[in-house]
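Trainee: Structure file coords15.cif (mmCIF, C-alpha atoms (C1' of nucleotides); chains and numbers go by the auth columns) right here:
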data_coords
loop_
_atom_site.group_PDB
_atom_site.id
_atom_site.type_symbol
_atom_site.label_atom_id
_atom_site.label_comp_id
_atom_site.label_asym_id
_atom_site.label_seq_id
_atom_site.Cartn_x
_atom_site.Cartn_y
_atom_site.Cartn_z
_atom_site.B_iso_or_equiv
_atom_site.auth_seq_id
_atom_site.auth_asym_id
ATOM 1 C CA MET A 1 28.315 -14.114 0.466 0.00 5 N
ATOM 2 C CA GLN A 2 26.048 -13.628 3.426 0.00 6 N
ATOM 3 C CA GLY A 3 28.531 -11.260 4.950 0.00 7 N
ATOM 4 C CA ASP A 4 28.500 -9.220 1.785 0.00 8 N
ATOM 5 C CA THR A 5 24.755 -8.884 1.848 0.00 9 N
ATOM 6 C CA SER A 6 24.758 -7.931 5.501 0.00 10 N
ATOM 7 C CA ALA A 7 27.446 -5.355 4.898 0.00 11 N
ATOM 8 C CA LEU A 8 25.564 -4.018 1.885 0.00 12 N
ATOM 9 C CA LEU A 9 22.309 -3.643 3.791 0.00 13 N
ATOM 10 C CA ARG A 10 24.106 -2.119 6.738 0.00 14 N
ATOM 11 C CA GLY A 11 25.930 0.340 4.499 0.00 15 N
ATOM 12 C CA LEU A 12 22.686 1.282 2.834 0.00 16 N
ATOM 13 C CA TYR A 13 21.122 1.954 6.195 0.00 17 N
ATOM 14 C CA ASP A 14 24.055 4.021 7.364 0.00 18 N
ATOM 15 C CA ALA A 15 23.986 6.127 4.220 0.00 19 N
ATOM 16 C CA LEU A 16 20.278 6.796 4.614 0.00 20 N
ATOM 17 C CA TYR A 17 20.549 7.498 8.299 0.00 21 N
ATOM 18 C CA ALA A 18 23.417 9.910 7.701 0.00 22 N
ATOM 19 C CA ALA A 19 21.336 11.737 5.114 0.00 23 N
ATOM 20 C CA TYR A 20 17.961 11.850 6.823 0.00 24 N
ATOM 21 C CA GLY A 21 18.520 11.008 10.475 0.00 25 N
ATOM 22 C CA PRO A 22 16.051 9.156 12.665 0.00 26 N
ATOM 23 C CA GLN A 23 12.562 9.178 11.177 0.00 27 N
ATOM 24 C CA GLY A 24 10.581 8.280 14.286 0.00 28 N
ATOM 25 C CA TRP A 25 7.873 6.955 12.086 0.00 29 N
ATOM 26 C CA TRP A 26 4.337 7.003 13.309 0.00 30 N
ATOM 27 C CA PRO A 27 5.510 8.972 16.318 0.00 31 N
ATOM 28 C CA GLY A 28 3.325 10.011 19.217 0.00 32 N
ATOM 29 C CA GLU A 29 0.420 8.033 17.906 0.00 33 N
ATOM 30 C CA THR A 30 -1.254 5.190 19.697 0.00 34 N
ATOM 31 C CA PRO A 31 -0.955 1.651 18.348 0.00 35 N
ATOM 32 C CA THR A 32 -4.636 1.884 17.504 0.00 36 N
ATOM 33 C CA GLU A 33 -4.020 4.889 15.305 0.00 37 N
ATOM 34 C CA VAL A 34 -1.127 3.107 13.646 0.00 38 N
ATOM 35 C CA ALA A 35 -3.223 0.068 12.818 0.00 39 N
ATOM 36 C CA ILE A 36 -6.028 2.193 11.410 0.00 40 N
ATOM 37 C CA GLY A 37 -3.551 4.221 9.384 0.00 41 N
ATOM 38 C CA ALA A 38 -2.067 1.044 7.947 0.00 42 N
ATOM 39 C CA ILE A 39 -5.367 0.290 6.243 0.00 43 N
ATOM 40 C CA LEU A 40 -6.179 3.851 5.264 0.00 44 N
ATOM 41 C CA VAL A 41 -2.813 4.364 3.578 0.00 45 N
ATOM 42 C CA GLN A 42 -3.281 1.534 1.087 0.00 46 N
ATOM 43 C CA ASN A 43 -2.265 2.945 -2.289 0.00 47 N
ATOM 44 C CA THR A 44 -2.923 6.411 -0.926 0.00 48 N
ATOM 45 C CA ASN A 45 -0.990 9.539 -0.063 0.00 49 N
ATOM 46 C CA TRP A 46 -0.295 9.819 3.653 0.00 50 N
ATOM 47 C CA GLN A 47 -1.538 13.386 3.584 0.00 51 N
ATOM 48 C CA ASN A 48 -5.033 12.171 2.806 0.00 52 N
ATOM 49 C CA VAL A 49 -4.793 9.632 5.585 0.00 53 N
ATOM 50 C CA GLU A 50 -4.020 12.361 8.105 0.00 54 N
ATOM 51 C CA LYS A 51 -7.216 14.154 7.165 0.00 55 N
ATOM 52 C CA ALA A 52 -9.206 10.979 7.636 0.00 56 N
ATOM 53 C CA ILE A 53 -7.596 10.253 10.990 0.00 57 N
ATOM 54 C CA ALA A 54 -8.294 13.796 12.149 0.00 58 N
ATOM 55 C CA ARG A 55 -11.957 13.291 11.313 0.00 59 N
ATOM 56 C CA LEU A 56 -11.982 10.010 13.182 0.00 60 N
ATOM 57 C CA ARG A 57 -10.425 11.704 16.201 0.00 61 N
ATOM 58 C CA GLU A 58 -13.036 14.458 16.151 0.00 62 N
ATOM 59 C CA ALA A 59 -15.732 11.826 16.069 0.00 63 N
ATOM 60 C CA GLY A 60 -14.171 9.898 18.937 0.00 64 N
ATOM 61 C CA MET A 61 -13.539 6.974 16.627 0.00 65 N
ATOM 62 C CA LEU A 62 -9.922 6.240 17.440 0.00 66 N
ATOM 63 C CA GLU A 63 -11.006 3.502 19.749 0.00 67 N
ATOM 64 C CA TRP A 64 -11.941 -0.078 18.900 0.00 68 N
ATOM 65 C CA ARG A 65 -15.222 -0.290 20.765 0.00 69 N
ATOM 66 C CA ALA A 66 -16.433 2.922 19.172 0.00 70 N
ATOM 67 C CA LEU A 67 -15.403 1.674 15.748 0.00 71 N
ATOM 68 C CA ASP A 68 -17.214 -1.543 16.428 0.00 72 N
ATOM 69 C CA ALA A 69 -20.428 0.304 17.223 0.00 73 N
ATOM 70 C CA VAL A 70 -20.472 2.814 14.369 0.00 74 N
ATOM 71 C CA PRO A 71 -22.418 1.879 11.228 0.00 75 N
ATOM 72 C CA ALA A 72 -20.205 1.084 8.258 0.00 76 N
ATOM 73 C CA GLU A 73 -21.695 3.826 6.130 0.00 77 N
ATOM 74 C CA ASP A 74 -21.005 6.447 8.795 0.00 78 N
ATOM 75 C CA LEU A 75 -17.472 5.200 9.073 0.00 79 N
ATOM 76 C CA ALA A 76 -17.096 5.418 5.309 0.00 80 N
ATOM 77 C CA GLU A 77 -18.174 9.050 5.353 0.00 81 N
ATOM 78 C CA LEU A 78 -15.684 9.864 8.095 0.00 82 N
ATOM 79 C CA ILE A 79 -12.735 8.377 6.250 0.00 83 N
ATOM 80 C CA ARG A 80 -13.740 9.770 2.878 0.00 84 N
ATOM 81 C CA PRO A 81 -10.628 11.942 2.422 0.00 85 N
ATOM 82 C CA ALA A 82 -8.478 8.797 2.424 0.00 86 N
ATOM 83 C CA GLY A 83 -10.031 7.615 -0.830 0.00 87 N
ATOM 84 C CA TYR A 84 -11.411 4.143 -1.594 0.00 88 N
ATOM 85 C CA TYR A 85 -13.555 4.949 1.386 0.00 89 N
ATOM 86 C CA GLN A 86 -16.177 2.284 0.831 0.00 90 N
ATOM 87 C CA VAL A 87 -13.756 -0.609 0.650 0.00 91 N
ATOM 88 C CA LYS A 88 -11.579 0.807 3.391 0.00 92 N
ATOM 89 C CA ALA A 89 -14.553 1.134 5.714 0.00 93 N
ATOM 90 C CA ARG A 90 -15.266 -2.548 5.181 0.00 94 N
ATOM 91 C CA ARG A 91 -11.638 -3.480 5.710 0.00 95 N
ATOM 92 C CA LEU A 92 -11.451 -1.401 8.854 0.00 96 N
ATOM 93 C CA LYS A 93 -14.561 -3.082 10.159 0.00 97 N
ATOM 94 C CA ASN A 94 -13.007 -6.468 9.468 0.00 98 N
ATOM 95 C CA LEU A 95 -9.970 -5.547 11.541 0.00 99 N
ATOM 96 C CA VAL A 96 -12.163 -4.123 14.288 0.00 100 N
ATOM 97 C CA ARG A 97 -14.135 -7.318 14.419 0.00 101 N
ATOM 98 C CA TRP A 98 -10.924 -9.261 14.913 0.00 102 N
ATOM 99 C CA VAL A 99 -9.651 -7.004 17.683 0.00 103 N
ATOM 100 C CA CYS A 100 -12.970 -6.715 19.487 0.00 104 N
ATOM 101 C CA GLY A 101 -14.219 -10.189 18.819 0.00 105 N
ATOM 102 C CA GLU A 102 -11.607 -12.490 20.197 0.00 106 N
ATOM 103 C CA HIS A 103 -9.083 -10.073 21.541 0.00 107 N
ATOM 104 C CA GLY A 104 -10.893 -7.922 24.032 0.00 108 N
ATOM 105 C CA GLY A 105 -10.861 -4.758 21.963 0.00 109 N
ATOM 106 C CA GLU A 106 -7.335 -3.861 22.978 0.00 110 N
ATOM 107 C CA LEU A 107 -4.149 -4.193 20.968 0.00 111 N
ATOM 108 C CA GLU A 108 -2.188 -4.225 24.185 0.00 112 N
ATOM 109 C CA GLU A 109 -3.665 -7.581 25.040 0.00 113 N
ATOM 110 C CA LEU A 110 -2.607 -8.919 21.674 0.00 114 N
ATOM 111 C CA ARG A 111 0.854 -7.482 21.997 0.00 115 N
ATOM 112 C CA ARG A 112 1.391 -9.121 25.340 0.00 116 N
ATOM 113 C CA SER A 113 -0.124 -12.417 24.282 0.00 117 N
ATOM 114 C CA ALA A 114 2.126 -15.423 23.952 0.00 118 N
ATOM 115 C CA ARG A 115 1.412 -15.765 20.254 0.00 119 N
ATOM 116 C CA SER A 116 4.359 -15.891 17.923 0.00 120 N
ATOM 117 C CA THR A 117 4.896 -13.212 15.322 0.00 121 N
ATOM 118 C CA ASP A 118 4.143 -15.764 12.623 0.00 122 N
ATOM 119 C CA ALA A 119 0.884 -16.751 14.275 0.00 123 N
ATOM 120 C CA LEU A 120 -0.220 -13.128 14.530 0.00 124 N
ATOM 121 C CA ARG A 121 0.792 -12.561 10.927 0.00 125 N
ATOM 122 C CA GLU A 122 -1.294 -15.469 9.707 0.00 126 N
ATOM 123 C CA GLU A 123 -4.303 -14.214 11.616 0.00 127 N
ATOM 124 C CA LEU A 124 -3.938 -10.761 10.135 0.00 128 N
ATOM 125 C CA LEU A 125 -3.530 -12.150 6.627 0.00 129 N
ATOM 126 C CA GLY A 126 -6.751 -14.057 7.151 0.00 130 N
ATOM 127 C CA ILE A 127 -8.658 -10.794 7.457 0.00 131 N
ATOM 128 C CA ASN A 128 -10.194 -9.643 4.203 0.00 132 N
ATOM 129 C CA GLY A 129 -8.515 -6.410 3.173 0.00 133 N
ATOM 130 C CA ILE A 130 -5.242 -7.034 4.956 0.00 134 N
ATOM 131 C CA GLY A 131 -2.410 -8.147 2.715 0.00 135 N
ATOM 132 C CA PRO A 132 1.291 -8.618 3.405 0.00 136 N
ATOM 133 C CA GLU A 133 2.276 -4.976 3.724 0.00 137 N
ATOM 134 C CA THR A 134 -0.653 -3.950 5.887 0.00 138 N
ATOM 135 C CA ALA A 135 -0.142 -6.977 8.115 0.00 139 N
ATOM 136 C CA ASP A 136 3.563 -6.300 8.533 0.00 140 N
ATOM 137 C CA SER A 137 2.976 -2.603 9.200 0.00 141 N
ATOM 138 C CA ILE A 138 0.563 -3.451 11.981 0.00 142 N
ATOM 139 C CA LEU A 139 2.900 -6.100 13.344 0.00 143 N
ATOM 140 C CA LEU A 140 5.956 -3.855 13.388 0.00 144 N
ATOM 141 C CA TYR A 141 4.550 -0.455 14.288 0.00 145 N
ATOM 142 C CA ALA A 142 1.527 -1.349 16.389 0.00 146 N
ATOM 143 C CA LEU A 143 2.299 -4.746 17.886 0.00 147 N
ATOM 144 C CA GLU A 144 6.054 -4.306 18.278 0.00 148 N
ATOM 145 C CA GLN A 145 6.970 -7.466 16.420 0.00 149 N
ATOM 146 C CA ALA A 146 10.322 -7.761 14.669 0.00 150 N
ATOM 147 C CA THR A 147 9.051 -8.151 11.120 0.00 151 N
ATOM 148 C CA PHE A 148 10.271 -6.242 8.074 0.00 152 N
ATOM 149 C CA VAL A 149 7.819 -4.175 6.057 0.00 153 N
ATOM 150 C CA VAL A 150 8.117 -4.190 2.281 0.00 154 N
ATOM 151 C CA ASP A 151 6.356 -1.601 0.148 0.00 155 N
ATOM 152 C CA THR A 152 6.636 -0.148 -3.332 0.00 156 N
ATOM 153 C CA TYR A 153 9.463 2.120 -2.255 0.00 157 N
ATOM 154 C CA THR A 154 11.372 -0.794 -0.796 0.00 158 N
ATOM 155 C CA ALA A 155 10.998 -2.633 -4.088 0.00 159 N
ATOM 156 C CA ARG A 156 12.042 0.362 -6.147 0.00 160 N
ATOM 157 C CA VAL A 157 15.094 1.133 -4.065 0.00 161 N
ATOM 158 C CA ALA A 158 16.076 -2.534 -3.943 0.00 162 N
ATOM 159 C CA GLY A 159 15.704 -2.844 -7.696 0.00 163 N
ATOM 160 C CA ARG A 160 17.512 0.356 -8.434 0.00 164 N
ATOM 161 C CA HIS A 161 20.476 -0.456 -6.270 0.00 165 N
ATOM 162 C CA GLY A 162 20.877 -4.064 -7.225 0.00 166 N
ATOM 163 C CA LEU A 163 19.717 -5.710 -4.022 0.00 167 N
ATOM 164 C CA ILE A 164 17.521 -7.861 -6.184 0.00 168 N
ATOM 165 C CA GLY A 165 17.568 -8.907 -9.796 0.00 169 N
ATOM 166 C CA PRO A 166 15.575 -7.205 -12.556 0.00 170 N
ATOM 167 C CA GLU A 167 12.836 -9.821 -12.220 0.00 171 N
ATOM 168 C CA ALA A 168 9.512 -8.921 -10.709 0.00 172 N
ATOM 169 C CA VAL A 169 9.826 -8.522 -6.974 0.00 173 N
ATOM 170 C CA ASP A 170 8.282 -11.126 -4.766 0.00 174 N
ATOM 171 C CA TYR A 171 7.171 -9.690 -1.436 0.00 175 N
ATOM 172 C CA GLY A 172 8.363 -12.639 0.582 0.00 176 N
ATOM 173 C CA GLU A 173 11.782 -12.757 -1.002 0.00 177 N
ATOM 174 C CA LEU A 174 12.430 -9.097 -0.419 0.00 178 N
ATOM 175 C CA LYS A 175 11.190 -9.359 3.143 0.00 179 N
ATOM 176 C CA ALA A 176 13.418 -12.354 3.797 0.00 180 N
ATOM 177 C CA LEU A 177 16.414 -10.582 2.343 0.00 181 N
ATOM 178 C CA PHE A 178 16.243 -7.902 5.021 0.00 182 N
ATOM 179 C CA GLU A 179 15.189 -10.170 7.849 0.00 183 N
ATOM 180 C CA ASP A 180 17.865 -12.773 7.187 0.00 184 N
ATOM 181 C CA HIS A 181 20.767 -10.378 6.828 0.00 185 N
ATOM 182 C CA LEU A 182 20.103 -7.876 9.566 0.00 186 N
ATOM 183 C CA PRO A 183 19.924 -8.186 13.324 0.00 187 N
ATOM 184 C CA ARG A 184 16.279 -8.776 14.175 0.00 188 N
ATOM 185 C CA GLU A 185 15.801 -5.607 16.134 0.00 189 N
ATOM 186 C CA ILE A 186 12.453 -3.867 16.182 0.00 190 N
ATOM 187 C CA GLU A 187 13.852 -0.355 16.246 0.00 191 N
ATOM 188 C CA LEU A 188 16.224 -1.105 13.384 0.00 192 N
ATOM 189 C CA PHE A 189 13.390 -2.502 11.264 0.00 193 N
ATOM 190 C CA LYS A 190 11.207 0.488 12.036 0.00 194 N
ATOM 191 C CA GLU A 191 13.856 2.998 11.101 0.00 195 N
ATOM 192 C CA TYR A 192 15.049 1.087 8.070 0.00 196 N
ATOM 193 C CA HIS A 193 11.636 0.931 6.483 0.00 197 N
ATOM 194 C CA ALA A 194 10.974 4.568 7.264 0.00 198 N
ATOM 195 C CA LEU A 195 14.293 5.577 5.724 0.00 199 N
ATOM 196 C CA LEU A 196 13.531 3.581 2.580 0.00 200 N
ATOM 197 C CA VAL A 197 10.266 5.474 2.271 0.00 201 N
ATOM 198 C CA ALA A 198 12.076 8.763 2.859 0.00 202 N
ATOM 199 C CA VAL A 199 14.571 8.179 0.070 0.00 203 N
ATOM 200 C CA GLY A 200 11.954 6.572 -2.143 0.00 204 N
ATOM 201 C CA LYS A 201 9.643 9.551 -1.980 0.00 205 N
ATOM 202 C CA ARG A 202 12.409 11.948 -2.922 0.00 206 N
ATOM 203 C CA HIS A 203 14.388 9.964 -5.431 0.00 207 N
ATOM 204 C CA CYS A 204 12.669 6.775 -6.516 0.00 208 N
ATOM 205 C CA ARG A 205 9.304 8.007 -7.648 0.00 209 N
ATOM 206 C CA PRO A 206 8.596 7.634 -11.358 0.00 210 N
ATOM 207 C CA GLN A 207 9.491 11.231 -12.131 0.00 211 N
ATOM 208 C CA ALA A 208 11.974 11.893 -9.360 0.00 212 N
ATOM 209 C CA ARG A 209 15.589 12.601 -10.232 0.00 213 N
ATOM 210 C CA CYS A 210 18.423 10.478 -8.971 0.00 214 N
ATOM 211 C CA ALA A 211 20.567 13.562 -8.544 0.00 215 N
ATOM 212 C CA GLY A 212 21.191 14.222 -4.899 0.00 216 N
ATOM 213 C CA CYS A 213 20.154 10.766 -3.833 0.00 217 N
ATOM 214 C CA PRO A 214 22.217 9.707 -0.826 0.00 218 N
ATOM 215 C CA LEU A 215 22.569 6.294 -2.456 0.00 219 N
ATOM 216 C CA GLU A 216 23.831 7.756 -5.711 0.00 220 N
ATOM 217 C CA CYS A 217 27.386 6.637 -5.182 0.00 221 N
ATOM 218 C CA PHE A 218 26.371 3.402 -3.526 0.00 222 N
ATOM 219 C CA PRO A 219 27.911 0.194 -4.899 0.00 223 N
ATOM 220 C CA ARG A 220 25.949 -1.464 -7.693 0.00 224 N
ATOM 221 C CA SER A 221 23.741 1.538 -8.149 0.00 225 N
ATOM 222 C CA MET A 222 23.872 1.533 -11.960 0.00 226 N
ATOM 223 C CA SER A 223 21.255 -1.103 -12.636 0.00 227 N
ATOM 224 C CA VAL A 224 17.812 0.318 -13.250 0.00 228 N
ATOM 225 C CA GLU A 225 14.497 -1.135 -12.064 0.00 229 N
ATOM 226 C "C1'" DT B 1 -3.991 19.470 -16.153 0.00 3 C
ATOM 227 C "C1'" DG B 2 -3.023 14.900 -15.542 0.00 4 C
ATOM 228 C "C1'" DC B 3 -0.545 11.824 -12.812 0.00 5 C
ATOM 229 C "C1'" DC B 4 0.311 9.746 -8.654 0.00 6 C
ATOM 230 C "C1'" DA B 5 -0.003 8.050 -3.805 0.00 7 C
ATOM 231 C "C1'" DG B 6 3.485 3.647 2.066 0.00 8 C
ATOM 232 C "C1'" DG B 7 -2.505 -2.200 -1.610 0.00 9 C
ATOM 233 C "C1'" DC B 8 -5.661 -5.609 -1.987 0.00 10 C
ATOM 234 C "C1'" DC B 9 -9.401 -8.267 -3.867 0.00 11 C
ATOM 235 C "C1'" DG B 10 -12.054 -10.854 -7.217 0.00 12 C
ATOM 236 C "C1'" DG B 11 -12.665 -12.644 -11.593 0.00 13 C
ATOM 237 C "C1'" DG B 12 -10.816 -14.060 -15.804 0.00 14 C
ATOM 238 C "C1'" DT B 13 -7.283 -16.515 -18.597 0.00 15 C
ATOM 239 C "C1'" DA C 1 0.127 -19.284 -11.593 0.00 7 D
ATOM 240 C "C1'" DC C 2 -0.242 -14.751 -13.506 0.00 8 D
ATOM 241 C "C1'" DC C 3 -2.859 -10.618 -15.265 0.00 9 D
ATOM 242 C "C1'" DC C 4 -6.190 -7.068 -14.923 0.00 10 D
ATOM 243 C "C1'" DG C 5 -9.829 -3.778 -13.633 0.00 11 D
ATOM 244 C "C1'" DG C 6 -11.870 -1.647 -9.784 0.00 12 D
ATOM 245 C "C1'" DC C 7 -11.708 1.107 -5.836 0.00 13 D
ATOM 246 C "C1'" DA C 8 -11.474 7.551 -4.916 0.00 14 D
ATOM 247 C "C1'" DT C 9 -9.637 11.555 -2.788 0.00 15 D
ATOM 248 C "C1'" DG C 10 -6.468 15.537 -2.721 0.00 16 D
ATOM 249 C "C1'" DG C 11 -1.848 17.633 -3.801 0.00 17 D
ATOM 250 C "C1'" DC C 12 1.711 19.024 -6.912 0.00 18 D
#
Would you write the structure of this file as structure tokens?

Mentor:
Amino acid sequence: MQGDTSALLRGLYDALYAAYGPQGWWPGETPTEVAIGAILVQNTNWQNVEKAIARLREAGMLEWRALDAVPAEDLAELIRPAGYYQVKARRLKNLVRWVCGEHGGELEELRRSARSTDALREELLGINGIGPETADSILLYALEQATFVVDTYTARVAGRHGLIGPEAVDYGELKALFEDHLPREIELFKEYHALLVAVGKRHCRPQARCAGCPLECFPRSMSVE
DNA sequence: TGCCAGGCCGGGT
DNA sequence: ACCCGGCATGGC
């Protein structure tokens, strides 16, 4: 049965990759930018996040020490286009405090540290404002840890195509499904998540049509949500 | 025009 | 252990 799941997940990936090609998600951006974006994107359109990041760049705020020094209310104003800007400013500050406080203000130091992925994950989850998805996004895309990111699109696609039952999706279960049945390769995890978002945006949004979905003819695709 | 976007927290049952 | 309201802007 494990082989079936592995083959299913692999086939899904191949179908998505054939349709959309490499996504190169969060390309050309520094790990710092990635980590900041992970918080700003919470329940928010990425387009809005780009505006906020552009404002941060203009202000010279894409750097941990600068973020540490700026007053929270100024930071809030800068990231306003991302929405929820008051809470996100607080959450960003919490992350900054973690990076600057005990980790020298550089993600590179963290990335090279001997800590296990699980240890880093627990630390991130201990920060107010960082939940499972934000933590895993930072781990995978900024700290180069082989951890699978689950988001609403992942859940929708998984539900739609029978990877999981009709029951409410548990983050951990879905995460484990991918991690336990795929080779634990960072690049694969990065691309897989990005491809799930790509197909999710086009075909698994509430209004989106299934027609033209590259997974349309995929096995077990008839079950809904 | 309304609905939605790559969550998470805190308080109430 | 769930369930819910709150948080906010900008694009289609």

Trainee: Mind dumping a table of every chain D residue within 6 Å of chain N, with the nearest atom pair and its distance in Å to one decimal, using all atoms listed in the file, sorted by chain and rising number, as JSON lines?

Mentor:
{"residue": "D:DC13", "atom": "C1'", "partner": "N:Tyr88", "partner_atom": "CA", "distance": 5.2}
{"residue": "D:DA14", "atom": "C1'", "partner": "N:Gly87", "partner_atom": "CA", "distance": 4.3}
{"residue": "D:DT15", "atom": "C1'", "partner": "N:Gly87", "partner_atom": "CA", "distance": 4.4}

Trainee: Starting from the shown file, work through the PyMOL selection byres ((chain C) within 6 of (chain N)) and note down what comes out as a PyMOL selection string.

Mentor: chain C and resi 7+9-10

Trainee: Find, counting only C-alpha atoms (C1' of nucleotides), the residue in N:Thr121, N:Gly105, N:Ala172, N:Leu129 that gets nearest to DC8 in chain D.

Mentor: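 Smallest distance to DC8 in chain D is found for N:Ala172.
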
Trainee: Between CA of Arg69 in chain N and CA of Ile83 in chain N, what distance in Å does the model show, to one decimal?

Mentor: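 Going from CA of Arg69 in chain N over to CA of Ile83 in chain N covers 17.1 Å.
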
Trainee: Quick one, how far is CA of Ala215 in chain N from CA of Ala19 in chain N?

Mentor: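 Separating CA of Ala215 in chain N from CA of Ala19 in chain N is a distance of 15.2 Å.
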
Trainee: Please list as a list in words every residue within 9 Å of Leu178 in chain N, counting all atoms listed in the file and excluding residues in the same chain fewer than 4 positions away.

Mentor: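 Once the nearby chain positions are removed, what remains is Val154, Thr158, Ala159, Ala162, Leu167, Ile168, Val173, Asp174, Phe182 and Glu183 of chain N.
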
Trainee: Kindly give the distance, in Å, that separates CA of Lys55 in chain N and CA of Pro31 in chain N, rounded to a single decimal.

Mentor: 16.5 Å

Trainee: For DG13 in chain C, please output as a tab-separated table (two decimals) with C-alpha atoms (C1' of nucleotides), in the frame of the given file all residues within 12 Å (counting all atoms listed in the file; exclusion window: fewer than 5 positions along the same chain).

Mentor:
chain	number	residue	atom	x	y	z
D	9	DC	C1'	-2.86	-10.62	-15.26
D	10	DC	C1'	-6.19	-7.07	-14.92
D	11	DG	C1'	-9.83	-3.78	-13.63
D	12	DG	C1'	-11.87	-1.65	-9.78

Trainee: Build an axis-aligned box that encloses every atom of chain D listed in the file, pad it by 6 Å on each side, and report its centre and edge lengths in Å to one decimal, as AutoDock Vina command-line options.

Mentor:
--center_x -5.1 --center_y -0.1 --center_z -9.0 --size_x 25.6 --size_y 50.3 --size_z 24.5

Trainee: Within 9 Å of (-0.5, 16.3, -5.6) (file coordinates; all atoms listed in the file), which protein or nucleic acid residues are there? I'd like them as a PyMOL selection string.

Mentor: (chain N and resi 49) or (chain C and resi 5-7) or (chain D and resi 16-18)
